[in-house]
Every structure is written in structure tokens, then in C-alpha cells.
$ cat input_33.cif   # mmCIF, C-alpha atoms (C1' of nucleotides)
data_query
#
loop_
_atom_site.label_atom_id
_atom_site.label_comp_id
_atom_site.auth_asym_id
_atom_site.auth_seq_id
_atom_site.Cartn_x
_atom_site.Cartn_y
_atom_site.Cartn_z
CA MET X 595 -7.87 -13.83 -12.59
CA ASP X 596 -11.52 -14.71 -12.18
CA HIS X 597 -14.18 -12.84 -10.27
CA MET X 598 -13.05 -14.28 -6.94
CA ASP X 599 -9.46 -13.08 -7.41
CA TRP X 600 -10.76 -9.59 -8.09
CA ALA X 601 -12.89 -9.72 -4.95
CA LEU X 602 -9.81 -10.65 -2.91
CA LEU X 603 -7.78 -7.86 -4.55
CA ARG X 604 -10.57 -5.39 -3.81
CA GLU X 605 -10.55 -6.28 -0.11
CA LEU X 606 -6.76 -6.39 0.25
CA GLN X 607 -6.35 -3.08 -1.52
CA ALA X 608 -8.88 -1.52 0.85
CA ASP X 609 -7.35 -3.09 3.96
CA ALA X 610 -4.13 -5.06 3.63
CA ARG X 611 -4.25 -6.23 7.24
CA LEU X 612 -7.35 -8.41 6.90
CA SER X 613 -6.81 -11.99 8.02
CA PHE X 614 -7.54 -14.91 5.74
CA SER X 615 -10.51 -15.78 7.94
CA GLU X 616 -11.98 -12.31 7.70
CA LEU X 617 -11.34 -12.33 3.95
CA SER X 618 -13.11 -15.66 3.63
CA ARG X 619 -16.20 -14.19 5.25
CA ARG X 620 -16.24 -11.15 3.00
CA VAL X 621 -15.82 -12.98 -0.30
CA HIS X 622 -17.85 -16.06 0.70
CA LEU X 623 -15.09 -18.60 0.27
CA SER X 624 -13.50 -21.04 2.68
CA PRO X 625 -10.30 -19.97 4.50
CA PRO X 626 -8.04 -22.57 2.84
CA ALA X 627 -9.27 -21.52 -0.61
CA VAL X 628 -8.60 -17.88 0.26
CA ALA X 629 -5.11 -18.64 1.54
CA GLU X 630 -4.16 -20.52 -1.61
CA ARG X 631 -5.57 -17.88 -3.93
CA VAL X 632 -3.78 -15.06 -2.12
CA ARG X 633 -0.55 -17.06 -2.14
CA ARG X 634 -0.93 -17.54 -5.89
CA LEU X 635 -1.61 -13.82 -6.43
CA GLU X 636 1.61 -13.09 -4.55
CA GLU X 637 3.74 -15.67 -6.35
CA THR X 638 2.50 -14.74 -9.80
CA GLY X 639 3.42 -11.12 -9.08
CA VAL X 640 -0.09 -9.66 -9.20
CA ILE X 641 0.30 -8.53 -5.59
CA VAL X 642 3.71 -6.92 -5.27
CA GLY X 643 3.53 -5.98 -1.60
CA TYR X 644 1.50 -4.75 1.35
CA HIS X 645 2.36 -1.24 2.45
CA ALA X 646 1.18 1.15 5.14
CA HIS X 647 0.51 4.52 3.53
CA VAL X 648 1.91 7.50 5.39
CA ASP X 649 0.57 11.07 5.19
CA LEU X 650 3.43 13.09 3.72
CA THR X 651 2.63 16.31 5.55
CA ARG X 652 2.24 14.65 8.93
CA ALA X 653 5.50 12.83 8.32
CA GLY X 654 7.29 16.14 7.86
CA ARG X 655 7.44 16.07 4.06
CA THR X 656 5.82 19.45 3.52
CA VAL X 657 7.24 20.11 0.04
CA VAL X 658 6.05 17.78 -2.73
CA ALA X 659 7.01 18.27 -6.36
CA LEU X 660 7.08 16.59 -9.74
CA ILE X 661 10.40 17.00 -11.53
CA ARG X 662 10.96 16.41 -15.24
CA MET X 663 14.57 15.44 -15.86
CA SER X 664 16.18 16.16 -19.23
CA CYS X 665 19.43 14.31 -18.78
CA TYR X 666 22.74 14.88 -20.51
CA GLY X 667 22.98 11.85 -22.81
CA ALA X 668 24.57 8.87 -21.12
CA ARG X 669 24.76 10.72 -17.78
CA CYS X 670 21.13 9.87 -17.03
CA ILE X 671 19.68 9.28 -13.59
CA LEU X 672 18.08 6.13 -14.97
CA HIS X 673 21.60 4.69 -15.25
CA ASP X 674 22.64 5.62 -11.72
CA PRO X 675 21.02 3.32 -9.16
CA GLU X 676 22.19 5.61 -6.37
CA VAL X 677 19.55 8.21 -7.14
CA ALA X 678 16.72 5.80 -6.34
CA GLY X 679 18.14 5.59 -2.83
CA TRP X 680 17.86 9.27 -2.00
CA PRO X 681 15.18 9.55 0.68
CA GLU X 682 13.33 12.45 -0.96
CA ILE X 683 12.84 10.58 -4.27
CA LEU X 684 9.56 8.67 -4.01
CA GLU X 685 9.02 7.61 -7.63
CA ILE X 686 10.99 7.48 -10.89
CA HIS X 687 9.19 7.00 -14.20
CA ARG X 688 10.82 6.69 -17.59
CA ILE X 689 8.67 8.65 -20.01
CA THR X 690 8.24 9.57 -23.64
CA GLY X 691 8.80 13.06 -24.91
CA ASP X 692 11.73 15.45 -24.77
CA ALA X 693 12.46 14.61 -21.13
CA CYS X 694 13.77 11.22 -20.09
CA SER X 695 12.12 10.79 -16.70
CA MET X 696 9.62 12.18 -14.24
CA LEU X 697 10.36 12.12 -10.51
CA LYS X 698 8.04 12.50 -7.57
CA VAL X 699 9.89 14.19 -4.74
CA ALA X 700 8.87 14.88 -1.14
CA ALA X 701 11.23 17.15 0.79
CA GLY X 702 11.14 18.31 4.36
CA SER X 703 11.54 21.99 3.57
CA ILE X 704 12.34 24.40 0.80
CA ASP X 705 15.99 24.24 1.82
CA ASP X 706 15.92 20.47 1.59
CA PHE X 707 14.18 20.72 -1.79
CA GLU X 708 16.86 23.09 -3.04
CA GLY X 709 19.43 20.53 -1.99
CA VAL X 710 17.67 17.85 -4.04
CA ILE X 711 17.69 20.12 -7.11
CA ASP X 712 21.41 20.75 -6.57
CA ARG X 713 22.07 17.03 -6.42
CA LEU X 714 20.00 16.38 -9.55
CA ALA X 715 21.52 19.19 -11.62
CA PRO X 716 24.73 17.29 -12.55
CA TYR X 717 22.62 14.65 -14.33
CA GLY X 718 20.65 17.06 -16.48
CA GLN X 719 18.23 19.91 -16.40
CA PRO X 720 15.49 19.51 -13.79
CA SER X 721 12.14 21.19 -14.38
CA SER X 722 10.09 21.35 -11.19
CA THR X 723 6.36 21.60 -10.72
CA MET X 724 5.09 21.94 -7.17
CA VAL X 725 2.20 19.82 -5.94
CA LEU X 726 -0.31 22.05 -4.15
CA SER X 727 -2.62 19.25 -3.10
CA SER X 728 -3.61 15.76 -4.18
CA PRO X 729 -7.39 15.38 -4.42
CA LEU X 730 -6.83 11.74 -5.35
CA HIS X 731 -3.77 10.17 -3.71
CA TRP X 732 -4.45 6.62 -4.72
CA GLN X 733 -7.11 4.49 -6.32
CA PRO X 734 -7.46 0.73 -6.11
CA ILE X 735 -7.20 -1.31 -9.28
CA HIS X 736 -10.39 -3.03 -10.34
CA PRO X 737 -11.39 -4.84 -13.50
CA LEU X 738 -12.22 -2.53 -16.38
CA PRO X 739 -15.60 -2.95 -18.05
CA PRO X 740 -15.27 -4.56 -21.47
CA ALA X 741 -14.93 -1.95 -24.17
CA ASP X 742 -17.97 -1.52 -26.36
CA PRO X 743 -17.04 0.74 -29.26
CA ALA X 744 -19.84 3.23 -29.76
CA VAL X 745 -18.15 4.36 -32.95
CA PRO X 746 -16.66 1.44 -34.89
CA ARG X 747 -12.97 1.88 -35.66
CA ARG X 748 -11.82 1.70 -39.26
CA MET Z 750 7.02 10.91 16.43
CA ASP Z 751 10.04 9.57 18.24
CA HIS Z 752 12.50 6.96 17.08
CA MET Z 753 10.18 4.09 18.02
CA ASP Z 754 7.31 5.47 15.92
CA TRP Z 755 9.63 5.66 12.94
CA ALA Z 756 10.72 2.08 13.52
CA LEU Z 757 7.09 0.96 13.48
CA LEU Z 758 6.41 2.99 10.32
CA ARG Z 759 9.47 1.43 8.68
CA GLU Z 760 8.22 -2.09 9.38
CA LEU Z 761 4.59 -1.42 8.44
CA GLN Z 762 5.58 0.28 5.21
CA ALA Z 763 7.72 -2.74 4.31
CA ASP Z 764 5.03 -5.27 5.29
CA ALA Z 765 1.62 -4.01 6.32
CA ARG Z 766 0.44 -7.49 7.33
CA LEU Z 767 2.81 -7.93 10.27
CA SER Z 768 1.08 -8.78 13.53
CA PHE Z 769 1.56 -6.64 16.61
CA SER Z 770 3.49 -9.50 18.19
CA GLU Z 771 5.86 -9.79 15.26
CA LEU Z 772 6.23 -6.01 15.27
CA SER Z 773 7.04 -6.05 18.96
CA ARG Z 774 9.91 -8.46 18.34
CA ARG Z 775 11.35 -6.41 15.50
CA VAL Z 776 11.32 -3.07 17.30
CA HIS Z 777 12.08 -4.48 20.76
CA LEU Z 778 8.94 -3.27 22.47
CA SER Z 779 6.15 -5.09 24.26
CA PRO Z 780 3.02 -6.03 22.26
CA PRO Z 781 0.63 -3.73 24.19
CA ALA Z 782 2.96 -0.79 23.70
CA VAL Z 783 3.12 -1.54 19.98
CA ALA Z 784 -0.65 -1.81 19.70
CA GLU Z 785 -1.21 1.53 21.38
CA ARG Z 786 1.44 3.32 19.32
CA VAL Z 787 0.07 1.97 16.05
CA ARG Z 788 -3.45 2.93 17.07
CA ARG Z 789 -2.23 6.45 17.82
CA LEU Z 790 -0.43 6.67 14.45
CA GLU Z 791 -3.70 5.70 12.76
CA GLU Z 792 -5.90 8.08 14.75
CA THR Z 793 -3.56 11.06 14.34
CA GLY Z 794 -3.60 10.49 10.57
CA VAL Z 795 0.06 9.61 10.14
CA ILE Z 796 -0.94 6.20 8.80
CA VAL Z 797 -3.75 6.75 6.29
CA GLY Z 798 -4.30 3.14 5.31
CA TYR Z 799 -2.90 -0.29 4.56
CA HIS Z 800 -3.04 -1.24 0.90
CA ALA Z 801 -2.03 -4.24 -1.16
CA HIS Z 802 -0.05 -3.01 -4.17
CA VAL Z 803 -1.04 -4.54 -7.49
CA ASP Z 804 1.22 -4.84 -10.54
CA LEU Z 805 -0.47 -2.73 -13.18
CA THR Z 806 0.64 -4.83 -16.15
CA ARG Z 807 -0.38 -8.12 -14.58
CA ALA Z 808 -3.73 -6.58 -13.69
CA GLY Z 809 -4.34 -5.78 -17.34
CA ARG Z 810 -3.46 -2.07 -17.18
CA THR Z 811 -0.88 -2.14 -19.96
CA VAL Z 812 -1.07 1.55 -20.84
CA VAL Z 813 0.17 3.99 -18.18
CA ALA Z 814 0.41 7.71 -18.76
CA LEU Z 815 0.81 11.06 -17.05
CA ILE Z 816 -1.64 13.68 -18.29
CA ARG Z 817 -1.30 17.41 -17.73
CA MET Z 818 -4.71 19.04 -17.79
CA SER Z 819 -5.08 22.69 -18.79
CA CYS Z 820 -8.71 23.23 -17.92
CA TYR Z 821 -11.11 25.77 -19.33
CA GLY Z 822 -11.53 28.15 -16.38
CA ALA Z 823 -14.30 27.10 -14.04
CA ARG Z 824 -14.89 23.88 -15.99
CA CYS Z 825 -11.97 22.18 -14.21
CA ILE Z 826 -11.74 18.49 -13.35
CA LEU Z 827 -10.75 19.53 -9.82
CA HIS Z 828 -14.30 20.81 -9.39
CA ASP Z 829 -16.00 17.67 -10.72
CA PRO Z 830 -15.84 14.87 -8.15
CA GLU Z 831 -17.06 12.41 -10.79
CA VAL Z 832 -13.69 12.33 -12.53
CA ALA Z 833 -11.97 10.88 -9.46
CA GLY Z 834 -14.30 7.90 -9.77
CA TRP Z 835 -13.25 6.87 -13.27
CA PRO Z 836 -11.44 3.55 -12.89
CA GLU Z 837 -8.50 4.51 -15.11
CA ILE Z 838 -7.64 7.62 -13.06
CA LEU Z 839 -5.21 6.57 -10.33
CA GLU Z 840 -4.00 9.95 -9.03
CA ILE Z 841 -4.97 13.61 -9.33
CA HIS Z 842 -2.53 16.31 -8.24
CA ARG Z 843 -3.18 20.03 -8.28
CA ILE Z 844 0.00 21.68 -9.48
CA THR Z 845 1.65 25.01 -10.10
CA GLY Z 846 2.46 26.24 -13.59
CA ASP Z 847 0.38 26.80 -16.68
CA ALA Z 848 -1.54 23.56 -16.22
CA CYS Z 849 -3.96 23.05 -13.37
CA SER Z 850 -3.50 19.37 -12.61
CA MET Z 851 -1.48 16.26 -13.33
CA LEU Z 852 -3.22 12.89 -13.64
CA LYS Z 853 -1.78 9.41 -13.46
CA VAL Z 854 -3.81 7.12 -15.68
CA ALA Z 855 -3.68 3.34 -16.22
CA ALA Z 856 -5.75 2.05 -19.11
CA GLY Z 857 -6.33 -1.46 -20.34
CA SER Z 858 -5.47 -0.75 -23.96
CA ILE Z 859 -4.78 2.04 -26.39
CA ASP Z 860 -8.47 2.06 -27.28
CA ASP Z 861 -9.37 2.43 -23.62
CA PHE Z 862 -6.78 5.18 -23.26
CA GLU Z 863 -8.24 7.02 -26.23
CA GLY Z 864 -11.60 6.80 -24.50
CA VAL Z 865 -10.17 8.42 -21.38
CA ILE Z 866 -8.72 11.27 -23.44
CA ASP Z 867 -12.10 11.76 -25.11
CA ARG Z 868 -13.78 11.94 -21.72
CA LEU Z 869 -11.19 14.41 -20.40
CA ALA Z 870 -11.25 16.70 -23.44
CA PRO Z 871 -14.48 18.55 -22.46
CA TYR Z 872 -12.79 19.80 -19.28
CA GLY Z 873 -9.70 21.21 -20.98
CA GLN Z 874 -6.71 20.37 -23.08
CA PRO Z 875 -5.01 17.12 -22.02
CA SER Z 876 -1.31 16.70 -22.70
CA SER Z 877 -0.25 13.06 -22.40
CA THR Z 878 3.13 11.59 -21.63
CA MET Z 879 3.41 7.81 -21.74
CA VAL Z 880 5.17 5.93 -18.94
CA LEU Z 881 7.59 3.43 -20.49
CA SER Z 882 8.67 1.90 -17.18
CA SER Z 883 8.91 2.81 -13.53
CA PRO Z 884 12.37 2.01 -12.11
CA LEU Z 885 11.10 3.21 -8.73
CA HIS Z 886 7.40 2.57 -8.11
CA TRP Z 887 7.33 3.50 -4.47
CA GLN Z 888 9.65 4.39 -1.65
CA PRO Z 889 8.89 4.24 2.05
CA ILE Z 890 8.97 7.46 4.05
CA HIS Z 891 11.71 7.66 6.62
CA PRO Z 892 13.02 10.51 8.76
CA LEU Z 893 15.19 12.96 6.87
CA PRO Z 894 18.66 13.64 8.25
CA PRO Z 895 18.91 17.09 9.83
CA ALA Z 896 20.05 19.65 7.28
CA ASP Z 897 23.62 20.82 7.69
CA PRO Z 898 24.19 23.71 5.30
CA ALA Z 899 27.59 23.23 3.67
CA VAL Z 900 27.27 26.71 2.22
CA PRO Z 901 25.67 29.12 4.71
CA ARG Z 902 22.61 30.85 3.29
CA ARG Z 903 22.53 34.62 3.32
"C1'" DC T 1347 5.92 0.56 29.62
"C1'" DT T 1348 6.50 -4.25 31.10
"C1'" DT T 1349 5.07 -8.63 32.65
"C1'" DG T 1350 2.14 -12.56 33.00
"C1'" DA T 1351 -2.10 -15.09 32.26
"C1'" DA T 1352 -6.25 -16.21 30.01
"C1'" DA T 1353 -9.41 -16.14 26.31
"C1'" DC T 1354 -9.76 -15.88 21.73
"C1'" DC T 1355 -8.80 -16.18 17.04
"C1'" DG T 1356 -6.56 -17.43 13.04
"C1'" DG T 1357 -3.72 -20.63 10.31
"C1'" DA T 1358 -2.59 -25.26 8.79
"C1'" DC T 1359 -3.68 -29.77 7.80
"C1'" DA T 1360 -6.32 -33.74 6.63
"C1'" DT T 1361 -10.41 -35.52 5.01
"C1'" DG T 1362 -14.28 -35.82 2.04
"C1'" DC T 1363 -17.44 -33.77 -1.49
"C1'" DG E 1095 -10.72 -27.07 -6.74
"C1'" DC E 1096 -13.53 -26.23 -2.63
"C1'" DA E 1097 -15.90 -27.13 1.95
"C1'" DT E 1098 -15.81 -28.96 6.58
"C1'" DG E 1099 -13.78 -29.90 10.97
"C1'" DT E 1100 -10.07 -30.43 14.20
"C1'" DC E 1101 -5.87 -29.14 16.45
"C1'" DC E 1102 -2.17 -26.37 17.62
"C1'" DG E 1103 0.21 -22.08 17.91
"C1'" DG E 1104 0.03 -17.38 18.01
"C1'" DT E 1105 -2.05 -13.17 19.04
"C1'" DT E 1106 -4.72 -10.04 21.45
"C1'" DT E 1107 -6.29 -8.08 25.51
"C1'" DC E 1108 -6.76 -7.72 30.11
"C1'" DA E 1109 -4.90 -6.97 34.87
"C1'" DA E 1110 -1.27 -5.69 37.99
"C1'" DG E 1111 3.26 -3.76 39.11
#
$ encode --input "input_33.cif" --output "C-alpha cells"
Amino acid sequence: MDHMDWALLRELQADARLSFSELSRRVHLSPPAVAERVRRLEETGVIVGYHAHVDLTRAGRTVVALIRMSCYGARCILHDPEVAGWPEILEIHRITGDACSMLKVAAGSIDDFEGVIDRLAPYGQPSSTMVLSSPLHWQPIHPLPPADPAVPRR
Amino acid sequence: MDHMDWALLRELQADARLSFSELSRRVHLSPPAVAERVRRLEETGVIVGYHAHVDLTRAGRTVVALIRMSCYGARCILHDPEVAGWPEILEIHRITGDACSMLKVAAGSIDDFEGVIDRLAPYGQPSSTMVLSSPLHWQPIHPLPPADPAVPRR
DNA sequence: CTTGAAACCGGACATGC
DNA sequence: GCATGTCCGGTTTCAAG
């Protein structure tokens, strides 16, 4: 993960459809070198995929919510792989705290959302928070500046 | 947004780097028709971008958290565009409830994470929940089946 | 929207630095 | 490990139906 790898990640995060040739021009590297580096980033699991991002509202998902699930012991959604297949469930995160997971849900309507809640209820108590808007949908990953501790830690 | 548009979205969400020709084979449409449909999906804002997805851990972001921000009145992070530029802040969602926003944060270390909390504290009270793992990072958007109410609503 | 043709570009390989 | 150069295949973009 040197500076050149980060330059390639920066470009591919901004536009995943760039060709190797176009990439080579932007990062000032030869096309074969670019191809091999990108292949390595894919095979080592740094790049996990290339995805088109779809606007939820324009795709008919007008109701977005974050749901904290407090599951009933062993009957946890984390143990049921079926839940991850429901179309409204976009993300599942296992978290610390009194709840066991946080879900990001995008439903087509309030009725649809109510149906999701009904389907989740058997697993535990869902606590919903509606998403009004998302001022920052997504941010590319770039290298963090090295930490310089202003106050030395004891 | 007919069936063919959804087929194109399905393919481009699964692999954003597919060529128009390869797309045309997969959805059984001619290459010019594919090119025009994709261009329309981009210009109408259905497709908002094509992004390479990076594994947070392998990119050095070992500490992931969700932070609920309860801001001090007008001094809200939603009103300060600078916050969205901090590299550790991946998402900002305005939400309902007693908090004003939910942040997704990916820091390089606990020290770095503590630094983010310190920088957030002037805006309001941050309440952090650590993400232990993410069984479902991302799910493509596909058309929802039409609702058929098993129990008629009154 | 499809077909067909032509120009272009991008990817792969081999060679050499 | 990277740059250069060549070749081939694929892709894009027209035009016409």
C-alpha cells in the first residue's frame, strides 16, 4: 500500500469505470503496471467490488430508517441468514451496547416499512429512527495523516 | 424505469466495470440501446456514481463506529460543511428522535478515534456505538414486489 | 430498437531498461 | 518492478432500416 496504490484507489473510488489506460494517464504509470497493481488490490481484498450507486428516492425507496434490534437471546437476526436477503435490508452491523445490531432499511412506502417491522418483531424488539436526509451519503477512503499527539499520552 | 432498466441496474450494481457490449449480452439488448439507457439513468439521477468499494480493515481503518450527535441548538454539525470533509467521517444522516444526526466513522486507531470524538464534542454530545462486524455491508437495490395486504388496513 | 460497418481504443504480451 | 512498443480483439459510435 504505497502512494501509487492510494492514487489508484482514489481514482477508482471516484469513478469505478475508468479503463486501465485512463488510470495510467491519471496516476502517471504505465498501463501494465496499473493493471497488475489493480489486480493485486483486488486479490488481496483491499478492493471488494465495483458498484453503481443508486439514488434511493429515485429508485422508489422513499422511506429510509435505521433500526436498532434488541434480539431475544439465541433468536437473533445475526444467526438467521435469511434476514440479509430481504430486499429492504441494506446493511446489518453487529454493535456494542444493549442492542445487538443496527440495520439500515429502505422501504418503498410506510406500509412496506410497517411490514418490515412486523417481520423483524419475532426476532426481538426493533427501535426505529427515520432518516430525514443524508448530507453525506458516502466518502472515499484515503490515507489518514500520521497522528502527532499534541498532548502526550501517559 | 421498466424491466430493462432494472436489469441494467442489477448488472451495474453487481459489477460497475462492465462494458456496454458485455451489458448488452447479459440483458439481451443491442449495445446502442444499452448505452442510451445507461446515459439516461445517469442524467436522470438514478445512478449517482460508480465507486470501487474498499475493505475498511485492509485500508487501515480498524475502528468503525456509529455516533449519535445531540447538538447544541444552532451549533449543529449539519450546519458546518467542514465536518463532512474530515477523512474519518464516512456518512452523515439527519434523523428523527432526540438526537439530530447519526454519523458513521472509520478511524485508524483508538487514538485517532478519540481525536474524532474530541473534534465532535464542541458541536454537541456524541454517543458512540462500536461496530464489531458488518454481516451485510451493502445490498443492491432491486424493485420491490407489489404489496399485497394480507390483513386489509382500515 | 436493431443491424452492420468502420474507426477507435484498450488490453495483453513480449522485450528491454 | 516498470517502461516501451506491437498486435489483436473488443468496444464504441455512426449510419440506415
$ residues_around --input "input_33.cif" --residues "X:Ile689" --least-positions-apart "2" --cutoff "9 Å" --atoms "only C-alpha atoms (C1' of nucleotides)" --output "list in words"
His687, Gly691, Asp692, Ala693, Cys694, Ser695 and Met696 of chain X; Ala814, Leu815, Thr878, Met879, Val880, Leu881, Ser882 and Ser883 of chain Z
$ interface_residues --input "input_33.cif" --of "chain E" --to "chain X" --cutoff "9 Å" --atoms "only C-alpha atoms (C1' of nucleotides)" --output "MDAnalysis selection string"
chainID E and resid 1095:1097
$ atom_distance --input "input_33.cif" --atom1 "atom CA of X:Phe614" --atom2 "atom CA of X:Val628"
6.3 Å
$ closest_atom_pairs --input "input_33.cif" --of "chain T" --to "chain Z" --cutoff "10 Å" --atoms "all atoms listed in the file" --output "Markdown table"
| residue | atom | partner | partner_atom | distance |
| --- | --- | --- | --- | --- |
| T:DC1347 | C1' | Z:Ala782 | CA | 6.8 |
| T:DT1348 | C1' | Z:Ser779 | CA | 6.9 |
| T:DT1349 | C1' | Z:Ser779 | CA | 9.2 |
$ write_last_selection --input "input_33.cif" --atoms "C-alpha atoms (C1' of nucleotides)" --output "PDB file, in the frame of the given file"
ATOM      1  C1'  DC T1347       5.920   0.560  29.620  1.00  0.00           C
ATOM      2  C1'  DT T1348       6.500  -4.250  31.100  1.00  0.00           C
ATOM      3  C1'  DT T1349       5.070  -8.630  32.650  1.00  0.00           C
TER       4       DT T1349
END
$ closest_residue --input "input_33.cif" --among "X:Ser618, X:Thr651, X:Ser721, X:Gln733" --to "chain Z" --atoms "all atoms listed in the file"
X:Gln733
$ interface_residues --input "input_33.cif" --of "chain X" --to "chain Z" --cutoff "6 Å" --atoms "only C-alpha atoms" --output "PyMOL selection string"
chain X and resi 606-611+640-649+652+684-690+723-733
$ atom_distance --input "input_33.cif" --atom1 "atom CA of X:Arg713" --atom2 "atom CA of X:His673"
15.2 Å
$ resolve_selection --input "input_33.cif" --expression "the PyMOL selection byres ((chain E and resi 1102) around 12)" --output "PyMOL selection string"
(chain T and resi 1356-1359) or (chain E and resi 1100-1101+1103-1104)
$ atom_distance --input "input_33.cif" --atom1 "atom CA of X:Tyr666" --atom2 "atom CA of X:Gly718"
5.0 Å
$ resolve_selection --input "input_33.cif" --expression "the PyMOL selection byres ((chain E and resi 1110) around 10)" --output "short mmCIF file (atom, residue, chain, number, x, y, z; two decimals) with C-alpha atoms (C1' of nucleotides), in the frame of the given file"
data_model
loop_
_atom_site.label_atom_id
_atom_site.label_comp_id
_atom_site.auth_asym_id
_atom_site.auth_seq_id
_atom_site.Cartn_x
_atom_site.Cartn_y
_atom_site.Cartn_z
"C1'" DT T 1349 5.07 -8.63 32.65
"C1'" DG T 1350 2.14 -12.56 33.00
"C1'" DC E 1108 -6.76 -7.72 30.11
"C1'" DA E 1109 -4.90 -6.97 34.87
"C1'" DG E 1111 3.26 -3.76 39.11
#
$ resolve_selection --input "input_33.cif" --expression "the PyMOL selection byres ((chain T and resi 1354) around 10)" --output "ChimeraX atom specification"
/T:1352-1353,1355-1356 /E:1105-1107
$ decode --input "input_33.cif" --residues "stretch 667-678 of chain X" --atoms "N, CA, C and O atoms" --output "compact mmCIF listing (two decimals), in the first residue's frame"
# COMPACT_ATOMS: atom_id res chain seq x y z
N GLY X 667 -32.20 -13.25 22.94
CA GLY X 667 -31.21 -14.30 23.16
C GLY X 667 -30.76 -14.97 21.88
O GLY X 667 -30.28 -14.30 20.95
N ALA X 668 -30.91 -16.27 21.82
CA ALA X 668 -30.38 -17.02 20.69
C ALA X 668 -31.16 -16.73 19.40
O ALA X 668 -30.66 -16.94 18.30
N ARG X 669 -32.39 -16.22 19.53
CA ARG X 669 -33.21 -15.93 18.36
C ARG X 669 -32.82 -14.56 17.81
O ARG X 669 -33.61 -13.61 17.83
N CYS X 670 -31.59 -14.47 17.33
CA CYS X 670 -31.04 -13.18 16.89
C CYS X 670 -30.98 -13.16 15.36
O CYS X 670 -30.71 -14.18 14.72
N ILE X 671 -31.25 -12.00 14.79
CA ILE X 671 -31.22 -11.92 13.33
C ILE X 671 -29.82 -12.20 12.79
O ILE X 671 -29.66 -12.59 11.64
N LEU X 672 -28.81 -12.01 13.63
CA LEU X 672 -27.44 -12.28 13.17
C LEU X 672 -27.25 -13.77 12.92
O LEU X 672 -26.32 -14.17 12.21
N HIS X 673 -28.11 -14.60 13.49
CA HIS X 673 -27.98 -16.05 13.32
C HIS X 673 -28.91 -16.58 12.25
O HIS X 673 -28.91 -17.78 11.98
N ASP X 674 -29.69 -15.71 11.64
CA ASP X 674 -30.62 -16.14 10.60
C ASP X 674 -30.20 -15.50 9.27
O ASP X 674 -30.46 -14.32 9.04
N PRO X 675 -29.53 -16.27 8.42
CA PRO X 675 -29.04 -15.69 7.16
C PRO X 675 -30.16 -15.22 6.24
O PRO X 675 -29.92 -14.45 5.32
N GLU X 676 -31.39 -15.64 6.52
CA GLU X 676 -32.49 -15.26 5.64
C GLU X 676 -32.75 -13.76 5.68
O GLU X 676 -33.07 -13.14 4.66
N VAL X 677 -32.55 -13.17 6.85
CA VAL X 677 -32.87 -11.74 7.01
C VAL X 677 -32.05 -10.88 6.05
O VAL X 677 -32.55 -9.91 5.48
N ALA X 678 -30.77 -11.26 5.87
CA ALA X 678 -29.91 -10.47 4.98
C ALA X 678 -30.40 -10.50 3.54
O ALA X 678 -29.94 -9.71 2.72
